[in-house]
file run-v6.cif (mmCIF, C-alpha atoms and all ligand atoms)
data_upload
loop_
_atom_site.label_atom_id
_atom_site.label_comp_id
_atom_site.auth_asym_id
_atom_site.auth_seq_id
_atom_site.Cartn_x
_atom_site.Cartn_y
_atom_site.Cartn_z
CA MET A 1 62.85 139.61 94.89
CA ILE A 2 63.88 137.91 91.64
CA GLU A 3 67.01 140.07 91.54
CA ARG A 4 67.79 139.05 95.12
CA ILE A 5 67.45 135.35 94.25
CA LYS A 6 69.73 135.84 91.26
CA GLU A 7 72.27 137.69 93.35
CA ILE A 8 72.41 135.18 96.19
CA SER A 9 72.42 132.11 93.96
CA GLY A 10 74.50 133.47 91.10
CA GLN A 11 72.09 131.57 88.83
CA ASN A 12 69.76 132.72 86.11
CA ALA A 13 66.49 130.80 86.26
CA SER A 14 65.20 132.47 83.10
CA ILE A 15 67.32 130.18 80.92
CA CYS A 16 65.41 127.14 82.24
CA MET A 17 63.59 125.46 79.35
CA GLN A 18 61.18 123.54 81.59
CA CYS A 19 62.37 120.11 80.48
CA GLY A 20 61.70 118.53 83.88
CA THR A 21 64.99 116.63 84.16
CA CYS A 22 65.48 118.13 87.61
CA SER A 23 62.04 117.06 88.83
CA ALA A 24 62.49 113.57 87.42
CA SER A 25 65.77 113.18 89.31
CA CYS A 26 64.87 114.99 92.51
CA THR A 27 65.38 113.19 95.82
CA GLY A 28 62.55 114.93 97.62
CA ARG A 29 59.99 115.27 94.83
CA ASP A 30 57.35 112.94 96.36
CA LEU A 31 57.21 115.05 99.50
CA MET A 32 57.48 118.46 97.86
CA ASP A 33 54.49 120.67 97.11
CA TYR A 34 56.13 121.84 93.87
CA PRO A 35 59.02 119.91 92.30
CA PRO A 36 62.10 121.84 91.13
CA ARG A 37 60.90 122.43 87.53
CA GLN A 38 57.86 124.25 88.90
CA VAL A 39 60.02 126.13 91.39
CA MET A 40 62.06 127.33 88.40
CA ARG A 41 58.86 128.41 86.63
CA MET A 42 57.67 130.36 89.66
CA ILE A 43 60.99 132.19 89.80
CA GLN A 44 60.75 132.95 86.07
CA LEU A 45 57.29 134.41 86.58
CA GLY A 46 58.34 136.38 89.65
CA ASN A 47 55.79 134.58 91.82
CA GLN A 48 56.53 135.63 95.42
CA ASN A 49 54.92 132.46 96.75
CA VAL A 50 58.04 130.60 95.78
CA LEU A 51 59.43 131.70 99.15
CA ASN A 52 56.66 129.92 101.02
CA LEU A 53 57.01 126.48 99.45
CA LYS A 54 57.55 123.33 101.48
CA SER A 55 59.85 122.15 98.67
CA ILE A 56 62.71 124.41 99.68
CA TRP A 57 62.84 122.80 103.12
CA ILE A 58 62.51 119.23 101.81
CA CYS A 59 65.47 119.64 99.45
CA SER A 60 68.38 117.59 100.77
CA THR A 61 71.02 119.47 98.73
CA CYS A 62 71.92 116.27 96.89
CA PHE A 63 73.07 118.12 93.72
CA ILE A 64 71.42 115.57 91.42
CA CYS A 65 69.39 118.30 89.70
CA THR A 66 72.48 120.49 89.41
CA ALA A 67 74.47 117.64 87.91
CA ARG A 68 71.84 116.85 85.28
CA CYS A 69 70.31 120.15 84.18
CA PRO A 70 70.88 120.40 80.42
CA ARG A 71 70.92 124.21 80.70
CA GLY A 72 73.69 124.09 83.28
CA ILE A 73 71.65 125.75 86.00
CA ASP A 74 72.86 125.08 89.53
CA ILE A 75 69.38 124.44 90.90
CA ALA A 76 70.68 123.52 94.35
CA ARG A 77 72.01 127.08 94.62
CA LEU A 78 68.60 128.49 93.75
CA MET A 79 66.98 126.29 96.40
CA GLU A 80 69.58 127.55 98.86
CA ALA A 81 68.85 131.19 97.93
CA LEU A 82 65.16 130.62 98.67
CA ARG A 83 66.05 129.16 102.06
CA VAL A 84 68.59 131.86 102.82
CA ILE A 85 66.09 134.68 102.13
CA ASN A 86 63.75 133.05 104.65
CA LEU A 87 66.44 132.26 107.20
CA ARG A 88 67.78 135.82 107.17
CA LYS A 89 64.29 136.94 108.16
CA GLY A 90 64.26 134.42 110.97
CA ARG A 91 61.93 131.97 109.24
CA GLU A 92 63.28 128.51 109.98
CA VAL A 93 61.96 124.96 110.09
CA LEU A 94 64.44 122.99 112.18
CA ILE A 95 64.06 123.64 115.87
CA ALA A 96 66.28 121.69 118.24
CA GLU A 97 63.57 121.08 120.85
CA LYS A 98 61.31 119.49 118.25
CA ILE A 99 63.76 116.84 117.08
CA PRO A 100 62.73 113.48 118.53
CA LEU A 101 65.15 112.38 121.23
CA GLU A 102 65.68 108.96 119.69
CA ILE A 103 67.13 110.75 116.64
CA LEU A 104 68.94 113.55 118.44
CA THR A 105 70.94 111.17 120.59
CA ARG A 106 71.81 108.80 117.78
CA VAL A 107 72.66 110.84 114.68
CA PRO A 108 76.26 111.48 113.73
CA GLN A 109 77.45 115.02 114.61
CA MET A 110 77.63 116.08 110.98
CA ALA A 111 73.86 115.60 110.64
CA LEU A 112 73.26 118.20 113.33
CA THR A 113 75.74 120.72 111.96
CA SER A 114 74.54 120.33 108.38
CA GLY A 115 70.86 120.25 109.31
CA PHE A 116 71.10 123.41 111.39
CA ARG A 117 73.16 125.18 108.75
CA LYS A 118 70.60 124.45 106.09
CA LEU A 119 67.31 124.66 107.95
CA SER A 120 67.63 126.99 110.92
CA ALA A 121 68.34 130.68 111.26
CA MET B 1 104.92 107.35 103.26
CA LYS B 2 103.21 110.01 105.35
CA ILE B 3 100.10 112.00 104.40
CA PRO B 4 98.56 114.77 106.54
CA TYR B 5 95.11 113.73 107.73
CA PHE B 6 91.94 115.54 108.72
CA PRO B 7 89.57 113.21 110.60
CA GLY B 8 86.63 115.59 111.15
CA CYS B 9 84.28 115.83 114.14
CA THR B 10 82.16 112.78 113.50
CA LEU B 11 85.18 110.52 113.27
CA HIS B 12 86.19 111.53 116.78
CA SER B 13 82.76 110.69 118.14
CA LYS B 14 80.04 108.61 116.48
CA ALA B 15 82.16 107.25 113.63
CA ARG B 16 85.27 106.09 115.45
CA GLY B 17 85.11 102.86 113.51
CA LEU B 18 85.65 104.78 110.29
CA ASP B 19 88.59 106.68 111.77
CA GLU B 20 90.33 103.66 113.29
CA THR B 21 89.89 101.38 110.30
CA THR B 22 91.04 104.09 107.91
CA ARG B 23 94.22 104.76 109.86
CA GLY B 24 94.79 101.09 110.67
CA SER B 25 94.26 99.83 107.14
CA LEU B 26 96.41 102.46 105.49
CA ALA B 27 99.15 101.90 108.10
CA ALA B 28 99.09 98.19 107.26
CA LEU B 29 99.55 99.23 103.64
CA GLY B 30 102.53 101.47 104.43
CA VAL B 31 100.80 104.86 104.49
CA GLU B 32 100.87 106.73 107.77
CA LEU B 33 98.10 109.30 108.19
CA VAL B 34 99.45 112.19 110.26
CA GLU B 35 96.64 114.03 111.98
CA LEU B 36 96.80 117.82 111.63
CA PRO B 37 98.11 119.23 114.93
CA GLU B 38 95.15 121.61 115.17
CA TRP B 39 91.83 121.40 113.45
CA THR B 40 88.18 122.40 113.78
CA CYS B 41 84.96 121.23 112.17
CA CYS B 42 85.10 121.75 108.38
CA GLY B 43 81.63 123.31 108.42
CA THR B 44 79.99 120.11 107.02
CA VAL B 45 78.22 121.86 104.15
CA PHE B 46 79.65 123.96 101.35
CA PRO B 47 77.89 127.35 101.43
CA LEU B 48 75.87 127.79 98.24
CA ALA B 49 74.97 131.46 98.69
CA GLN B 50 77.39 133.63 96.71
CA ASP B 51 77.78 136.10 99.57
CA ASN B 52 78.55 133.53 102.25
CA TYR B 53 82.32 133.48 102.69
CA ILE B 54 82.09 132.99 106.42
CA GLY B 55 80.83 129.47 105.73
CA MET B 56 84.16 128.71 104.01
CA VAL B 57 86.46 130.03 106.71
CA ALA B 58 86.80 126.84 108.74
CA ALA B 59 87.69 124.72 105.72
CA ALA B 60 90.06 127.40 104.41
CA ARG B 61 91.90 127.42 107.73
CA ILE B 62 92.23 123.63 107.68
CA LEU B 63 93.63 123.74 104.14
CA ALA B 64 96.04 126.57 104.97
CA ASN B 65 97.30 124.58 107.96
CA ALA B 66 97.73 121.47 105.83
CA ALA B 67 99.82 123.51 103.41
CA LYS B 68 102.32 124.09 106.23
CA MET B 69 102.98 120.36 106.48
CA GLU B 70 104.99 118.19 104.12
CA GLY B 71 103.51 116.45 101.14
CA GLY B 72 101.09 118.84 99.48
CA LYS B 73 98.17 116.54 100.21
CA LEU B 74 95.41 116.29 102.79
CA ALA B 75 93.64 112.98 103.32
CA THR B 76 90.10 112.86 104.63
CA VAL B 77 87.60 110.01 104.50
CA CYS B 78 84.22 111.40 105.62
CA SER B 79 82.31 112.21 102.43
CA PHE B 80 81.02 115.51 103.85
CA CYS B 81 84.49 116.69 104.89
CA TYR B 82 85.93 115.62 101.55
CA HIS B 83 83.20 117.52 99.72
CA VAL B 84 83.64 120.74 101.68
CA LEU B 85 87.44 120.76 101.67
CA LYS B 86 87.58 120.05 97.98
CA ARG B 87 85.05 122.70 97.02
CA VAL B 88 86.51 125.38 99.27
CA ASN B 89 89.93 124.62 97.85
CA TYR B 90 88.50 124.90 94.34
CA ALA B 91 87.00 128.28 95.24
CA ILE B 92 90.31 129.54 96.65
CA LYS B 93 92.14 128.38 93.55
CA ASN B 94 89.71 129.59 90.91
CA ASN B 95 87.83 132.53 92.41
CA SER B 96 90.03 135.53 93.15
CA GLU B 97 87.42 137.19 95.36
CA ALA B 98 87.12 134.07 97.54
CA ARG B 99 90.90 133.78 97.69
CA LYS B 100 91.37 137.38 98.75
CA LYS B 101 88.56 137.50 101.30
CA LEU B 102 89.50 134.24 102.97
CA ASN B 103 93.20 135.04 103.11
CA ASP B 104 92.56 138.53 104.48
CA TYR B 105 90.32 137.08 107.14
CA LEU B 106 92.71 134.31 108.12
CA GLU B 107 95.87 136.39 107.69
CA GLU B 108 97.27 133.67 105.50
CA ASN B 109 98.63 133.49 102.00
CA TYR B 110 97.11 130.28 100.76
CA GLY B 111 96.46 129.82 97.05
CA GLY B 112 94.76 126.41 96.85
CA GLU B 113 97.91 124.26 96.47
CA ILE B 114 96.68 121.37 98.62
CA GLU B 115 95.29 118.28 96.94
CA THR B 116 92.51 116.82 99.07
CA ILE B 117 92.70 113.07 98.66
CA HIS B 118 90.31 110.31 99.68
CA PRO B 119 91.53 106.95 101.03
CA LEU B 120 89.81 105.26 98.08
CA GLU B 121 92.10 107.30 95.83
CA ILE B 122 95.09 106.57 98.07
CA CYS B 123 94.38 102.84 97.73
CA LYS B 124 93.99 102.88 93.97
CA GLU B 125 96.43 105.53 92.87
CA ILE B 126 99.16 105.64 95.49
CA ILE B 127 99.31 102.15 96.96
CA GLY B 128 97.87 100.26 94.00
CA LEU B 129 95.37 97.40 94.03
CA ASP B 130 97.99 94.76 93.21
CA ALA B 131 100.07 95.79 96.21
CA ILE B 132 96.93 95.57 98.36
CA ARG B 133 96.16 92.06 97.06
CA GLU B 134 99.60 90.93 98.15
CA LYS B 135 99.12 92.17 101.70
CA LEU B 136 95.75 90.53 102.38
CA LYS B 137 95.58 88.12 105.30
CA ARG B 138 92.20 86.79 104.22
CA LYS B 139 89.79 87.26 101.35
CA LEU B 140 86.11 88.08 101.33
CA LYS B 141 85.46 84.93 99.27
CA GLY B 142 82.56 85.98 97.14
CA LEU B 143 80.77 88.10 99.75
CA LYS B 144 78.16 90.04 97.78
CA VAL B 145 78.74 93.74 98.40
CA ALA B 146 76.84 96.77 97.09
CA CYS B 147 78.86 100.01 97.08
CA TYR B 148 76.98 103.16 98.01
CA TYR B 149 78.55 106.52 97.11
CA GLY B 150 75.67 108.89 97.86
CA CYS B 151 75.99 112.55 96.88
CA MET B 152 78.96 114.22 98.43
CA LEU B 153 81.88 112.32 96.92
CA VAL B 154 80.82 112.64 93.31
CA ARG B 155 78.82 115.87 92.82
CA PRO B 156 79.26 118.41 91.37
CA ALA B 157 81.69 116.71 89.03
CA ALA B 158 83.69 119.77 87.93
CA GLU B 159 84.66 120.62 91.48
CA MET B 160 84.81 117.14 93.00
CA ASN B 161 86.65 115.54 90.10
CA PHE B 162 86.17 112.17 91.78
CA ASP B 163 85.76 109.19 89.46
CA HIS B 164 82.66 109.18 87.21
CA PRO B 165 79.81 111.30 88.61
CA GLU B 166 76.97 108.97 87.57
CA ASN B 167 78.73 105.63 87.59
CA PRO B 168 81.79 105.66 89.84
CA THR B 169 83.60 102.33 90.23
CA ILE B 170 86.55 103.07 92.50
CA MET B 171 84.92 101.40 95.53
CA GLU B 172 83.94 98.36 93.46
CA GLU B 173 87.51 98.02 92.17
CA LEU B 174 88.87 98.01 95.71
CA ILE B 175 86.28 95.63 97.07
CA SER B 176 86.79 93.13 94.25
CA ALA B 177 90.51 93.20 95.00
CA LEU B 178 89.55 92.09 98.52
CA GLY B 179 87.73 89.09 97.06
CA ALA B 180 84.17 90.37 97.25
CA GLU B 181 81.63 89.96 94.50
CA VAL B 182 80.36 93.35 93.36
CA VAL B 183 76.59 93.83 93.24
CA GLU B 184 75.55 96.22 90.47
CA TYR B 185 72.36 98.11 91.30
CA PRO B 186 70.92 101.39 90.11
CA GLY B 187 70.98 103.33 93.39
CA LYS B 188 74.61 103.91 94.18
CA THR B 189 74.73 107.66 93.57
CA THR B 190 71.23 108.47 94.79
CA CYS B 191 70.65 110.41 98.01
CA CYS B 192 69.75 108.76 101.34
CA GLY B 193 67.89 111.90 102.45
CA SER B 194 70.90 113.23 104.37
CA TYR B 195 70.28 115.74 107.19
CA GLN B 196 66.56 115.59 106.46
CA VAL B 197 66.56 112.77 109.03
CA LEU B 198 66.23 115.61 111.57
CA ASN B 199 63.43 117.40 109.75
CA ASP B 200 61.43 114.84 107.78
CA MET B 201 62.17 111.27 108.67
CA SER B 202 59.64 110.00 106.12
CA LEU B 203 61.87 111.24 103.30
CA VAL B 204 64.85 109.32 104.63
CA LYS B 205 62.74 106.24 105.20
CA GLN B 206 61.51 106.31 101.61
CA LYS B 207 65.00 106.82 100.18
CA VAL B 208 66.59 104.16 102.36
CA LYS B 209 63.88 101.72 101.41
CA GLU B 210 64.50 102.31 97.69
CA ILE B 211 68.25 101.90 98.07
CA LEU B 212 68.02 98.78 100.22
CA TYR B 213 65.40 97.07 98.09
CA SER B 214 67.35 97.82 94.97
CA ALA B 215 70.56 96.37 96.43
CA SER B 216 68.92 93.38 98.16
CA ALA B 217 66.94 92.44 95.07
CA ARG B 218 70.28 91.92 93.36
CA GLY B 219 71.60 89.79 96.16
CA ALA B 220 73.60 92.24 98.28
CA GLU B 221 74.69 90.76 101.62
CA ALA B 222 76.31 93.99 102.77
CA ILE B 223 76.39 97.64 101.75
CA ILE B 224 79.50 99.80 102.10
CA THR B 225 79.97 103.55 102.20
CA SER B 226 82.45 106.21 103.30
CA CYS B 227 79.88 108.60 104.77
CA PRO B 228 78.88 108.47 108.45
CA LEU B 229 75.51 110.04 107.69
CA CYS B 230 74.68 107.61 104.87
CA GLN B 231 75.85 104.81 107.16
CA PHE B 232 73.56 105.97 109.94
CA ASN B 233 70.52 106.53 107.74
CA LEU B 234 70.88 103.23 105.89
CA ASP B 235 71.60 101.32 109.08
CA TRP B 236 69.30 102.77 111.75
CA MET B 237 66.32 103.19 109.43
CA GLN B 238 66.24 99.43 108.95
CA GLU B 239 64.96 99.11 112.50
CA LYS B 240 62.00 101.28 111.54
CA LEU B 241 61.44 99.39 108.30
CA ALA B 242 61.54 96.08 110.15
CA GLU B 243 58.96 97.34 112.66
CA GLU B 244 56.61 98.14 109.79
CA ASN B 245 57.14 94.97 107.84
CA ASN B 246 58.17 91.80 109.61
CA GLY B 247 59.19 90.16 106.35
CA PHE B 248 61.92 92.79 105.93
CA SER B 249 65.37 91.28 105.82
CA LYS B 250 68.15 93.45 107.17
CA VAL B 251 71.44 94.11 105.38
CA PRO B 252 74.52 95.21 107.34
CA VAL B 253 75.86 98.65 106.37
CA LEU B 254 79.60 99.06 106.84
CA TYR B 255 82.38 101.49 106.15
CA PHE B 256 84.49 100.26 103.23
CA THR B 257 87.48 100.59 105.53
CA GLN B 258 86.02 98.00 107.89
CA LEU B 259 86.13 95.39 105.12
CA LEU B 260 89.59 96.56 104.15
CA GLY B 261 90.74 96.29 107.77
CA LEU B 262 89.18 92.87 108.12
CA THR B 263 91.02 91.47 105.11
CA LEU B 264 94.28 93.10 106.18
CA GLY B 265 94.00 91.32 109.52
CA LEU B 266 93.47 94.31 111.83
CA PRO B 267 92.55 93.21 115.36
CA GLU B 268 88.85 92.51 115.66
CA GLU B 269 88.23 95.17 118.31
CA SER B 270 89.69 97.92 116.16
CA LEU B 271 87.18 97.11 113.40
CA ARG B 272 84.41 98.28 115.75
CA LEU B 273 81.85 96.07 114.07
CA GLY B 274 79.71 96.20 117.18
CA GLU B 275 78.82 99.86 116.71
CA HIS B 276 76.27 99.37 113.96
CA TYR B 277 72.53 98.78 114.38
CA VAL B 278 72.33 95.83 111.98
CA ASP B 279 74.95 93.47 113.36
CA PRO B 280 77.48 92.54 110.65
CA LYS B 281 79.37 90.07 112.85
CA PRO B 282 77.42 86.90 111.97
CA LEU B 283 78.05 87.62 108.29
CA LEU B 284 81.71 88.56 108.59
CA LEU B 285 83.04 86.64 111.54
CA GLY B 286 80.45 83.90 111.99
CA ALA B 287 81.42 81.69 109.08
S1 LIG A 301 66.61 120.47 84.42
FE1 LIG A 301 67.25 122.62 84.15
S2 LIG A 301 66.28 123.29 82.21
FE2 LIG A 301 65.26 121.36 82.83
S3 LIG A 301 63.46 122.06 84.03
FE3 LIG A 301 65.10 121.72 85.51
S4 LIG A 301 66.10 123.72 85.73
FE4 LIG A 301 64.86 123.81 83.88
S1 LIG A 302 69.33 119.34 95.39
FE1 LIG A 302 67.24 119.57 96.21
S2 LIG A 302 66.00 120.12 94.44
FE2 LIG A 302 67.90 119.30 93.64
S3 LIG A 302 67.48 117.11 93.26
FE3 LIG A 302 68.36 117.29 95.33
S4 LIG A 302 66.59 117.45 96.70
FE4 LIG A 302 65.85 117.90 94.61
#
call {"tool": "encode", "arguments": {"input": "run-v6.cif", "output": "C-alpha cells"}}
result
Amino acid sequence: MIERIKEISGQNASICMQCGTCSASCTGRDLMDYPPRQVMRMIQLGNQNVLNLKSIWICSTCFICTARCPRGIDIARLMEALRVINLRKGREVLIAEKIPLEILTRVPQMALTSGFRKLSA
Amino acid sequence: MKIPYFPGCTLHSKARGLDETTRGSLAALGVELVELPEWTCCGTVFPLAQDNYIGMVAAARILANAAKMEGGKLATVCSFCYHVLKRVNYAIKNNSEARKKLNDYLEENYGGEIETIHPLEICKEIIGLDAIREKLKRKLKGLKVACYYGCMLVRPAAEMNFDHPENPTIMEELISALGAEVVEYPGKTTCCGSYQVLNDMSLVKQKVKEILYSASARGAEAIITSCPLCQFNLDWMQEKLAEENNGFSKVPVLYFTQLLGLTLGLPEESLRLGEHYVDPKPLLLGA
C-alpha cells in the first residue's frame, strides 16, 4: 500500500520530519480526525487505516501545506493519492442526490465539476 | 491589441458578471479579448495523481488550440481555469512523458509555447497602471477594499509564477489606481473551503467567517476576488452567518473587474451588480 501511495503521488512521505507546519496551516484541520502531520506519520508507519480517515475527504486541495512544507513534500498530492485509492475502489463521499437543493441550484458550475472530480468515483 | 481568451464554463453561466466586466473593461482599455472559436471545460482541477493524464486532456486541447491563434498568449480570468491551464502547460513544457502522451492523444504537436495570462497581469504589465488612471471616468474615492486571492492564483508558486505566493499585491496595486483604499488583513491567501461547500458546508462557513471577520475588523467595505467559487462562498454564506447572528454586518463581495468596469464607466447593466447575494449597489451606486 505504501508503495502504491508513493507511486500515485510521486511523493516520499518518509522524508517528513514531523515539524507540523502543514497541520498548523491546514484549511480543514479543525474538522479533520487526523491533521496532515499525523497523516504523514501514518504513511511512514505503513498504517493501513490512513485510507479510512475523514481528513482525506475534508481536504480542500488548497496547497497551503504543499507551499510551506520545509521538506518540500507535496502533501496535497499525498492526500489526493489516498482519495484516489479509495475512489478507484468505488468508495466515494459526494453523492449528487445528497447535496442540499439550496446549494445544488446556486453553486457556480466549477464547484460541481471540481467537487465530483475530487470526491466521487 | 488582441489577446485570445478562454472564458470557461462558469463565466458562461453563473458568473456572467465576471465575463462581461472582464471583456468590457479590457476593451475600454484597448485590449480586445478574442474568444477561442471552440472550447470545452478546462477540467476545473489539476490532476494530482501521477498516472492521471486524462485529467489534463481538456486543458491541453485548449492550449493547443490557442497556439493556432496569433499572439502566443491565452487570457483567462477564473482562478480555477487559470490554475489548470497554467499547470497543464507547465507539465507539457517540462515533463516529456506528459508532453508525449497528451500530444499523441490529441494528435497535436504542442510544446507548451502559450503564456497563460490573467487580466490582473494584463492590466499591470501590458496596459500599465498609469494608462488605466488616465482612462478612468470616476474614482472609488477612498472606498475601503480587501483583496482576496484564495488558493488557485498563487499556489504552487513554482508552477503558477503569479506574484508573491504568500503576499501578492497585484490586485491591491490595481485597486489603489482606481482610487480605493487598500485594507491589509491576514487572510488574503487563505482558502474559503472551495468545493467542500458541496460536502461539508460547516468547513466553508468557518473559513468564510474567519476571512470576513478579519477583513471587516480592519474596516473593509467590500471584498474583491477573481474566483467565482470564492465569490459564491464568501457571498452566499453571509446569509447563513446573518441567520445565526443578527449582529452580523454584511460585506459585498465583488469581482475586481466589476470595480474596474465601474470606474471605467461601463454601462450599469453590464456590471451585473444585481447578481450577488449581498447587494453592493447601495455602497457603489447609492452615494
Ligand atoms: S510540513 Fe512537511 S515536514 Fe513538516 S510535518 Fe508536514 S509534511 Fe512533515
Ligand atoms: S491541501 Fe488539504 S491537507 Fe493541505 S493544507 Fe489544504 S486542506 Fe490541509
call {"tool": "interface_residues", "arguments": {"input": "run-v6.cif", "of": "chain B", "to": "chain A", "cutoff": "10 Å", "atoms": "all atoms listed in the file", "output": "ChimeraX atom specification"}}
result
/B:8-15,41-52,55,78,80-81,150-152,154-158,165-166,189-204,206-207,227-233,236
call {"tool": "closest_residue", "arguments": {"input": "run-v6.cif", "among": "A:Leu101, A:Cys69, A:Leu45, A:Ile56", "to": "ligand LIG 301 (chain A)", "atoms": "all atoms listed in the file"}}
result
A:Cys69
call {"tool": "closest_residue", "arguments": {"input": "run-v6.cif", "among": "A:Glu102, A:Ile43, A:Pro70, A:Arg4", "to": "ligand LIG 301 (chain A)", "atoms": "all atoms listed in the file"}}
result
A:Pro70
call {"tool": "residues_near_ligand", "arguments": {"input": "run-v6.cif", "ligand": "ligand LIG 301 (chain A)", "cutoff": "7 Å", "atoms": "all atoms listed in the file", "output": "list in words"}}
result
Cys16, Met17, Gln18, Cys19, Gly20, Thr21, Cys22, Ser23, Pro36, Arg37, Met40, Cys65, Arg68, Cys69, Pro70, Arg71, Gly72, Ile73 and Ile75 of chain A
call {"tool": "atom_distance", "arguments": {"input": "run-v6.cif", "atom1": "CA of Lys137 in chain B", "atom2": "CA of Ala28 in chain B"}}
result
10.8 Å
call {"tool": "axis_aligned_box", "arguments": {"input": "run-v6.cif", "around": "ligand LIG 302 (chain A)", "padding_each_side": "8 Å", "output": "lines of an AutoDock Vina configuration file"}}
result
center_x = 67.6
center_y = 118.6
center_z = 95.0
size_x = 19.5
size_y = 19.0
size_z = 19.4
call {"tool": "closest_residue", "arguments": {"input": "run-v6.cif", "among": "A:Leu51, A:Ala13, A:Val39, A:Met1", "to": "ligand LIG 302 (chain A)", "atoms": "all atoms listed in the file"}}
result
A:Val39
call {"tool": "residues_around", "arguments": {"input": "run-v6.cif", "residues": "range 111-125 of chain B", "least_positions_apart": "5", "cutoff": "9 Å", "atoms": "all atoms listed in the file", "output": "short mmCIF file (atom, residue, chain, number, x, y, z; two decimals) with C-alpha atoms, keeping the file's coordinate frame"}}
result
data_model
loop_
_atom_site.label_atom_id
_atom_site.label_comp_id
_atom_site.auth_asym_id
_atom_site.auth_seq_id
_atom_site.Cartn_x
_atom_site.Cartn_y
_atom_site.Cartn_z
CA THR B 22 91.04 104.09 107.91
CA LEU B 26 96.41 102.46 105.49
CA LEU B 29 99.55 99.23 103.64
CA VAL B 31 100.80 104.86 104.49
CA ALA B 60 90.06 127.40 104.41
CA LEU B 63 93.63 123.74 104.14
CA ALA B 64 96.04 126.57 104.97
CA ALA B 66 97.73 121.47 105.83
CA ALA B 67 99.82 123.51 103.41
CA GLY B 71 103.51 116.45 101.14
CA GLY B 72 101.09 118.84 99.48
CA LYS B 73 98.17 116.54 100.21
CA LEU B 74 95.41 116.29 102.79
CA ALA B 75 93.64 112.98 103.32
CA THR B 76 90.10 112.86 104.63
CA VAL B 77 87.60 110.01 104.50
CA CYS B 78 84.22 111.40 105.62
CA SER B 79 82.31 112.21 102.43
CA TYR B 82 85.93 115.62 101.55
CA LEU B 85 87.44 120.76 101.67
CA LYS B 86 87.58 120.05 97.98
CA VAL B 88 86.51 125.38 99.27
CA ASN B 89 89.93 124.62 97.85
CA TYR B 90 88.50 124.90 94.34
CA ALA B 91 87.00 128.28 95.24
CA ILE B 92 90.31 129.54 96.65
CA LYS B 93 92.14 128.38 93.55
CA ASN B 94 89.71 129.59 90.91
CA ARG B 99 90.90 133.78 97.69
CA ASN B 103 93.20 135.04 103.11
CA ILE B 132 96.93 95.57 98.36
CA PHE B 162 86.17 112.17 91.78
CA ILE B 170 86.55 103.07 92.50
CA MET B 171 84.92 101.40 95.53
CA GLU B 173 87.51 98.02 92.17
CA LEU B 174 88.87 98.01 95.71
CA PHE B 256 84.49 100.26 103.23
CA THR B 257 87.48 100.59 105.53
#
call {"tool": "residues_around", "arguments": {"input": "run-v6.cif", "residues": "Lys141 in chain B", "least_positions_apart": "2", "cutoff": "10 Å", "atoms": "all atoms listed in the file", "output": "ChimeraX atom specification"}}
result
/B:138-139,143-144,176,178-181
call {"tool": "write_last_selection", "arguments": {"input": "run-v6.cif", "atoms": "C-alpha atoms", "output": "short mmCIF file (atom, residue, chain, number, x, y, z; two decimals), in the coordinates of the input"}}
result
data_model
loop_
_atom_site.label_atom_id
_atom_site.label_comp_id
_atom_site.auth_asym_id
_atom_site.auth_seq_id
_atom_site.Cartn_x
_atom_site.Cartn_y
_atom_site.Cartn_z
CA ARG B 138 92.20 86.79 104.22
CA LYS B 139 89.79 87.26 101.35
CA LEU B 143 80.77 88.10 99.75
CA LYS B 144 78.16 90.04 97.78
CA SER B 176 86.79 93.13 94.25
CA LEU B 178 89.55 92.09 98.52
CA GLY B 179 87.73 89.09 97.06
CA ALA B 180 84.17 90.37 97.25
CA GLU B 181 81.63 89.96 94.50
#
call {"tool": "atom_distance", "arguments": {"input": "run-v6.cif", "atom1": "CA of Val182 in chain B", "atom2": "CA of Ala146 in chain B"}}
result
6.2 Å
call {"tool": "build_atoms", "arguments": {"input": "run-v6.cif", "residues": "range 163-173 of chain B", "atoms": "N, CA and C atoms", "output": "tab-separated table (two decimals), in the coordinates of the input"}}
result
chain	number	residue	atom	x	y	z
B	163	ASP	N	86.29	110.31	90.25
B	163	ASP	CA	85.76	109.19	89.46
B	163	ASP	C	84.61	109.68	88.55
B	164	HIS	N	83.76	108.80	88.09
B	164	HIS	CA	82.66	109.18	87.21
B	164	HIS	C	81.47	109.63	88.06
B	165	PRO	N	80.86	110.80	87.74
B	165	PRO	CA	79.81	111.30	88.61
B	165	PRO	C	78.53	110.46	88.65
B	166	GLU	N	78.20	109.78	87.56
B	166	GLU	CA	76.97	108.97	87.57
B	166	GLU	C	77.26	107.49	87.82
B	167	ASN	N	78.42	107.05	87.40
B	167	ASN	CA	78.73	105.63	87.59
B	167	ASN	C	80.17	105.43	88.07
B	168	PRO	N	80.44	105.86	89.31
B	168	PRO	CA	81.79	105.66	89.84
B	168	PRO	C	82.03	104.17	90.09
B	169	THR	N	83.30	103.75	90.01
B	169	THR	CA	83.60	102.33	90.23
B	169	THR	C	84.79	102.12	91.16
B	170	ILE	N	85.30	103.20	91.72
B	170	ILE	CA	86.55	103.07	92.50
B	170	ILE	C	86.36	102.17	93.74
B	171	MET	N	85.16	102.25	94.35
B	171	MET	CA	84.92	101.40	95.53
B	171	MET	C	84.78	99.94	95.12
B	172	GLU	N	84.12	99.72	93.98
B	172	GLU	CA	83.94	98.36	93.46
B	172	GLU	C	85.30	97.74	93.13
B	173	GLU	N	86.19	98.55	92.53
B	173	GLU	CA	87.51	98.02	92.17
B	173	GLU	C	88.26	97.56	93.42
